[in-house]
Structure formats: C-alpha cells, structure tokens
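S.K.: I am sharing upload_20.txt, which consists of compact mmCIF, C-alpha atoms:
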# COMPACT_ATOMS: atom_id res chain seq x y z
CA MET A 37 -10.74 18.00 -15.51
CA ALA A 38 -13.72 15.70 -15.94
CA VAL A 39 -12.97 13.18 -18.69
CA PHE A 40 -15.00 10.22 -19.90
CA GLY A 41 -13.39 7.98 -17.26
CA GLY A 42 -14.07 10.41 -14.39
CA PHE A 43 -11.31 12.31 -12.57
CA ALA A 44 -7.84 10.91 -13.36
CA GLY A 45 -6.16 9.43 -10.31
CA GLU A 46 -9.35 8.60 -8.42
CA ALA A 47 -10.01 5.05 -7.23
CA HIS A 48 -13.12 4.64 -9.41
CA PHE A 49 -11.59 6.13 -12.57
CA GLY A 50 -12.34 4.30 -15.81
CA VAL A 51 -14.87 3.95 -18.62
CA THR A 52 -15.50 0.33 -17.57
CA ARG A 53 -15.11 -1.49 -14.27
CA PRO A 54 -15.37 -5.02 -12.92
CA SER A 55 -18.84 -5.66 -11.49
CA CYS A 56 -19.03 -5.77 -7.71
CA VAL A 57 -21.41 -6.99 -5.03
CA ARG A 58 -23.73 -4.02 -5.66
CA VAL A 59 -24.81 -5.54 -9.01
CA LYS A 60 -24.49 -9.25 -8.19
CA SER A 61 -28.13 -9.90 -9.10
CA GLN A 62 -27.37 -8.77 -12.67
CA HIS A 63 -23.73 -9.80 -13.27
CA VAL A 64 -21.27 -12.40 -12.05
CA GLN A 65 -18.77 -10.56 -9.85
CA GLY A 66 -15.80 -9.38 -11.91
CA THR A 67 -17.70 -9.06 -15.21
CA THR A 68 -16.62 -5.96 -17.17
CA ILE A 69 -19.47 -3.42 -17.17
CA ASN A 70 -19.95 0.27 -18.00
CA ASN A 71 -18.65 2.41 -15.14
CA VAL A 72 -21.52 4.58 -13.91
CA ARG A 73 -19.80 4.87 -10.50
CA GLN A 74 -16.88 7.04 -11.67
CA LEU A 75 -17.66 9.80 -9.19
CA SER A 76 -19.13 10.11 -5.72
CA VAL A 77 -21.00 13.42 -5.54
CA MET A 78 -22.12 14.67 -2.12
CA SER A 79 -23.67 17.82 -0.70
CA ALA A 80 -22.02 19.94 1.97
CA GLU A 81 -25.33 20.06 3.81
CA GLU A 82 -25.65 16.27 3.98
CA ILE A 83 -22.00 15.88 5.00
CA ALA A 84 -22.70 18.24 7.92
CA GLN A 85 -25.74 16.12 8.84
CA ILE A 86 -23.63 12.95 8.79
CA ALA A 87 -21.01 14.56 11.05
CA GLU A 88 -23.70 15.76 13.46
CA LYS A 89 -25.34 12.32 13.64
CA MET A 90 -21.93 10.80 14.32
CA GLY A 91 -21.25 13.30 17.11
CA LEU A 92 -18.46 15.08 15.24
CA GLU A 93 -18.15 18.82 14.71
CA ASP A 94 -17.24 18.24 11.07
CA ILE A 95 -15.79 15.57 8.81
CA ASP A 96 -13.30 15.68 5.96
CA PRO A 97 -15.19 14.73 2.75
CA THR A 98 -12.13 12.86 1.47
CA LEU A 99 -12.67 10.35 4.29
CA LEU A 100 -16.09 9.65 2.76
CA GLY A 101 -14.69 9.03 -0.72
CA ALA A 102 -16.27 12.19 -2.13
CA SER A 103 -15.12 13.25 -5.60
CA LEU A 104 -17.17 16.44 -5.76
CA ILE A 105 -19.00 18.50 -3.13
CA LEU A 106 -22.03 20.65 -4.02
CA GLU A 107 -23.96 23.20 -1.99
CA GLY A 108 -27.55 24.36 -2.15
CA ILE A 109 -29.50 21.36 -3.48
CA ALA A 110 -31.97 20.16 -0.85
CA ASP A 111 -32.17 16.38 -0.25
CA PHE A 112 -29.43 15.90 -2.84
CA THR A 113 -29.00 12.16 -2.21
CA HIS A 114 -32.52 11.60 -3.56
CA VAL A 115 -32.35 13.42 -6.89
CA PRO A 116 -33.71 11.06 -9.57
CA PRO A 117 -31.41 8.76 -11.54
CA SER A 118 -30.46 10.15 -14.97
CA SER A 119 -30.53 13.72 -13.65
CA ARG A 120 -27.69 15.85 -15.02
CA LEU A 121 -25.34 18.28 -13.30
CA GLN A 122 -23.94 20.74 -15.83
CA SER A 123 -21.29 23.42 -15.38
CA ASP A 124 -22.52 26.90 -16.32
CA THR A 125 -18.96 27.79 -17.34
CA THR A 126 -17.66 24.87 -19.40
CA GLY A 127 -20.71 22.71 -20.09
CA ALA A 128 -19.03 19.72 -18.43
CA THR A 129 -21.89 17.37 -17.58
CA LEU A 130 -22.25 14.59 -15.04
CA MET A 131 -25.03 12.00 -15.32
CA ILE A 132 -26.34 10.75 -12.01
CA ASP A 133 -26.66 7.00 -11.68
CA MET A 134 -28.28 6.50 -8.28
CA GLU A 135 -28.06 6.98 -4.54
CA ASN A 136 -24.69 5.94 -3.16
CA ARG A 137 -25.59 3.70 -0.26
CA PRO A 138 -23.26 3.79 2.74
CA CYS A 139 -20.62 1.08 3.03
CA VAL A 140 -18.01 0.18 5.64
CA LEU A 141 -14.97 1.52 3.75
CA PRO A 142 -15.36 5.20 4.76
CA GLY A 143 -15.87 4.02 8.33
CA ARG A 144 -12.37 2.53 8.28
CA GLU A 145 -10.91 5.83 7.05
CA ILE A 146 -12.87 7.77 9.67
CA GLU A 147 -11.68 5.43 12.42
CA MET A 148 -8.04 6.25 11.58
CA GLU A 149 -8.74 10.00 11.97
CA HIS A 150 -11.39 9.90 14.70
CA GLU A 151 -10.89 6.85 16.90
CA GLY A 152 -14.16 5.34 18.09
CA PHE A 153 -16.29 7.00 15.38
CA GLY A 154 -15.80 4.76 12.33
CA ALA A 155 -18.67 2.39 13.14
CA LYS A 156 -21.03 5.35 13.43
CA PHE A 157 -20.64 6.30 9.76
CA LYS A 158 -22.87 3.77 8.05
CA PRO A 159 -26.02 4.40 10.13
CA ALA A 160 -25.42 8.18 10.10
CA ALA A 161 -25.02 8.23 6.30
CA VAL A 162 -28.19 6.34 5.34
CA GLY A 163 -30.07 8.62 2.93
CA ARG A 164 -27.24 11.20 3.03
CA ARG A 165 -24.29 9.64 1.14
CA GLY A 166 -24.92 11.47 -2.12
CA VAL A 167 -25.01 9.88 -5.55
CA THR A 168 -22.76 8.09 -7.98
CA ALA A 169 -22.27 9.67 -11.37
CA SER A 170 -20.35 9.39 -14.62
CA VAL A 171 -19.03 12.00 -17.02
CA GLU A 172 -21.41 12.58 -19.93
CA ARG A 173 -19.56 15.59 -21.38
CA GLU A 174 -15.93 16.32 -20.68
CA GLY A 175 -14.77 19.67 -19.36
CA MET A 176 -13.04 21.56 -16.59
CA LEU A 177 -14.69 21.71 -13.16
CA LYS A 178 -13.25 23.87 -10.42
CA VAL A 179 -14.09 25.03 -6.92
CA GLY A 180 -16.81 27.67 -6.99
CA ASP A 181 -18.30 26.66 -10.36
CA VAL A 182 -22.07 26.90 -10.64
CA MET A 183 -23.64 23.56 -11.57
CA ARG A 184 -27.19 23.38 -12.92
CA LEU A 185 -29.37 20.41 -12.00
CA HIS A 186 -31.49 19.04 -14.84
CA ILE A 187 -34.20 16.60 -13.69
CA PRO A 188 -35.69 14.11 -16.19
CA ASP A 189 -39.18 15.05 -17.31
CA GLN A 190 -41.21 12.06 -16.18
CA ARG A 191 -43.70 11.21 -13.50
CA ALA A 192 -42.71 9.04 -10.56
CA TRP A 193 -42.90 5.31 -11.25
CA SER A 194 -45.51 3.68 -9.03
CA PRO A 195 -46.70 0.31 -10.41
CA LEU A 196 -46.17 -1.42 -7.08
CA GLY A 197 -49.12 0.40 -5.50
CA GLY A 198 -47.30 1.76 -2.47
CA LEU A 199 -45.51 -1.50 -1.65
CA PHE A 200 -42.52 0.46 -0.41
CA ASP A 201 -44.44 3.18 1.46
CA THR A 202 -43.62 3.27 5.16
If you took the structure in this file and wrote it as structure tokens, what would it be?
M.R.:
Amino acid sequence: MAVFGGFAGEAHFGVTRPSCVRVKSQHVQGTTINNVRQLSVMSAEEIAQIAEKMGLEDIDPTLLGASLILEGIADFTHVPPSSRLQSDTTGATLMIDMENRPCVLPGREIEMEHEGFGAKFKPAAVGRRGVTASVEREGMLKVGDVMRLHIPDQRAWSPLGGLFDT
C-alpha cells in the first residue's frame, strides 16, 4: 500500500526526513525537509544493464535499495522530474523527484552476496539507478499492475546555452 509516507517499513519511509549530503548546498545537514526520496523506483531493463556491466548474470533489486521495479519504459532513469506514475487500477500516484545517483551503500550489500563485485556497482549504475519518488495519491500497488507515465508538458530548459553538452 502506497501511503503519503511511502511504503511502511522501508528505510526511507516518512513524510519528512532529515536533510543529507545530497542537499547540503541548500540545507544544513539534519534539517527537517519534505521527503521526496520516499521510494527508489528502477526499471528491470536498467537493472539488467547494471548486472551486465558488473559482470553478473543478474542482481537482486533489493540489494540496490529498489522499492518498485517497472518494465517497458526506455531510459527510465532520465524521465523528467515531476513526471507521474499512476496505477491504472487504483489511481495510486507517485511523483518523480529526480535521478537517483549511485552511492556506495548498495555496493556494500552486493559485496556480501557477490564477493569482489561491490565496488563495481557505482560505475555500472551511473545513468541507470532509476529515480526517487514520493506518494502523491495513496492507493494499493501490486505486482503486475499497469502504471501510466505522465510527463510534464513543458519544453526542455536550456538557458545555459549547451554548457553541459558533451
């Protein structure tokens, strides 16, 4: 059941959270902020790519901290912030915050299951770690549910004139 704090029992559950290093340029670490990182949503396709890049046949998504696994959305990690994922069945809606950049914590979990592979996670997961999201509308979500992706209707922001083009 997706509730306004996320999925009960998960590590990132809660309507608010203490700020962390990811937002240190905006908030002193430990400041109470809105929790837009309630869920880690990944795609099965990108998980398979991570495993392949690491030299593994497959990888358990729970080792990656995944809350929800989707299939069939190309380049899922790069869907725009504020996109919505909505259940066709219950209307439960998740609001995407942003790309979930790889960190070292899943590597530690992977190392316990696949000795010698933990350090390979972070480089293999760049651009493939999925997104963080929060619950916008409560409702039941279950395996096999169809989720619709709603993309915000706006043009790409480009005031920096290609500064980040590579």
S.K.: Find the spatial neighbours of A:Gly163, counting all atoms listed in the file, within a cut-off of 9 Å - ignore same-chain residues fewer than 6 positions away - and output them as a list in words.
M.R.: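 That gives Glu82, Asp111, Thr113, His114, Glu135, Asn136, Arg137 and Pro138 of chain A.
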S.K.: What are the closest atom pairs, with distances in Å to one decimal, for all residues of stretch 140-161 of chain A lying within 12 Å of stretch 91-94 of chain A? Consider only C-alpha atoms, order rows by chain and residue number, and present the result as CSV.
M.R.:
residue,atom,partner,partner_atom,distance
A:Ile146,CA,A:Leu92,CA,10.8
A:Glu149,CA,A:Leu92,CA,11.4
A:His150,CA,A:Leu92,CA,8.8
A:Glu151,CA,A:Leu92,CA,11.3
A:Gly152,CA,A:Gly91,CA,10.7
A:Phe153,CA,A:Gly91,CA,8.2
A:Gly154,CA,A:Leu92,CA,11.0
A:Ala155,CA,A:Gly91,CA,11.9
A:Lys156,CA,A:Gly91,CA,8.8
A:Phe157,CA,A:Gly91,CA,10.2
A:Ala160,CA,A:Gly91,CA,9.6
S.K.: May I have the residues within 12 Å of stretch 42-57 of chain A as number ranges by chain, using all atoms listed in the file and disregarding those fewer than 5 positions away in the same chain?
M.R.: A: 37, 62-77, 98, 101-104, 128-131, 139, 168-178
S.K.: Rank A:Asp181, A:Asp124, A:Asp189, A:Glu147 by their smallest atom-to-atom distance to A:Leu106, using only C-alpha atoms, and report the top residue only.
M.R.: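 When distances to A:Leu106 are compared using only C-alpha atoms, the smallest one comes from A:Asp181.
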S.K.: Rounded to one decimal in Å, what is the spacing between atom CA of A:Ser79 and atom CA of A:Ser119?
M.R.: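 Going from atom CA of A:Ser79 over to atom CA of A:Ser119 covers 15.2 Å.
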S.K.: In terms of the shortest atom-to-atom distance over all atoms listed in the file, which of A:Glu88, A:Asp133, A:Glu107, A:Glu145 is closest to A:Gly180?
M.R.: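 Ranked by minimum distance to A:Gly180, first place goes to A:Glu107.
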S.K.: How many Å separate atom CA of A:Ala80 from atom CA of A:Ile109?
M.R.: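 Between these atoms lies a distance of 9.4 Å.
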S.K.: Let me make sure I understand: among A:Ile105, A:Ala192, A:Met148, A:Leu99, which one has the smallest atom-to-atom distance to A:Leu121 if we use all atoms listed in the file?
M.R.: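 Going through A:Ile105, A:Ala192, A:Met148, A:Leu99 one by one, the smallest distance to A:Leu121 is for A:Ile105.
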S.K.: My list of candidates is A:Arg144, A:Arg58, A:Arg165, A:Lys158. Which is closest to A:Ala84 when distances are computed with all atoms listed in the file?
M.R.: A:Arg165
S.K.: To one decimal place, how far is atom CA of A:Arg164 from atom CA of A:Trp193 in Å?
M.R.: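 Taking atom CA of A:Arg164 and atom CA of A:Trp193, their separation equals 22.0 Å.
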S.K.: Point out the residue among A:Pro116, A:Ala87, A:Ser61, A:Met78 with the least atom-to-atom distance to A:Gln190, counting all atoms listed in the file.
M.R.: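 Looking at the shortest contact to A:Gln190, the residue is A:Pro116.
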S.K.: With all atoms of stretch 106-122 of chain A from the file as input, state the centre and edge lengths in Å to one decimal of the axis-aligned box that has 8 Å extra on each side, as JSON.
M.R.:
{"center_x": -27.9, "center_y": 16.6, "center_z": -8.0, "size_x": 27.7, "size_y": 31.6, "size_z": 31.6}
S.K.: Missing atoms in stretch 132-145 of chain A should be modelled up to N, CA and C atoms and reported as a compact mmCIF listing (two decimals), in the coordinates of the input.
M.R.:
# COMPACT_ATOMS: atom_id res chain seq x y z
N ILE A 132 -26.15 11.44 -13.27
CA ILE A 132 -26.34 10.75 -12.01
C ILE A 132 -26.86 9.34 -12.26
N ASP A 133 -26.22 8.38 -11.60
CA ASP A 133 -26.66 7.00 -11.68
C ASP A 133 -27.72 6.74 -10.61
N MET A 134 -27.33 6.80 -9.36
CA MET A 134 -28.28 6.50 -8.28
C MET A 134 -27.69 6.90 -6.94
N GLU A 135 -28.51 6.73 -5.90
CA GLU A 135 -28.06 6.98 -4.54
C GLU A 135 -26.85 6.10 -4.23
N ASN A 136 -25.88 6.68 -3.58
CA ASN A 136 -24.69 5.94 -3.16
C ASN A 136 -24.92 5.46 -1.73
N ARG A 137 -25.30 4.23 -1.59
CA ARG A 137 -25.59 3.70 -0.26
C ARG A 137 -24.30 3.62 0.57
N PRO A 138 -24.43 3.84 1.87
CA PRO A 138 -23.26 3.79 2.74
C PRO A 138 -22.64 2.39 2.76
N CYS A 139 -21.33 2.35 2.87
CA CYS A 139 -20.62 1.08 3.03
C CYS A 139 -19.63 1.23 4.18
N VAL A 140 -18.92 0.17 4.49
CA VAL A 140 -18.01 0.18 5.64
C VAL A 140 -16.67 0.85 5.34
N LEU A 141 -16.30 0.99 4.07
CA LEU A 141 -14.97 1.52 3.75
C LEU A 141 -14.71 2.92 4.30
N PRO A 142 -15.62 3.89 4.15
CA PRO A 142 -15.36 5.20 4.76
C PRO A 142 -15.24 5.11 6.28
N GLY A 143 -15.97 4.19 6.89
CA GLY A 143 -15.87 4.02 8.33
C GLY A 143 -14.45 3.68 8.77
N ARG A 144 -13.77 2.88 7.97
CA ARG A 144 -12.37 2.53 8.28
C ARG A 144 -11.47 3.75 8.20
N GLU A 145 -11.70 4.59 7.19
CA GLU A 145 -10.91 5.83 7.05
C GLU A 145 -11.20 6.78 8.21
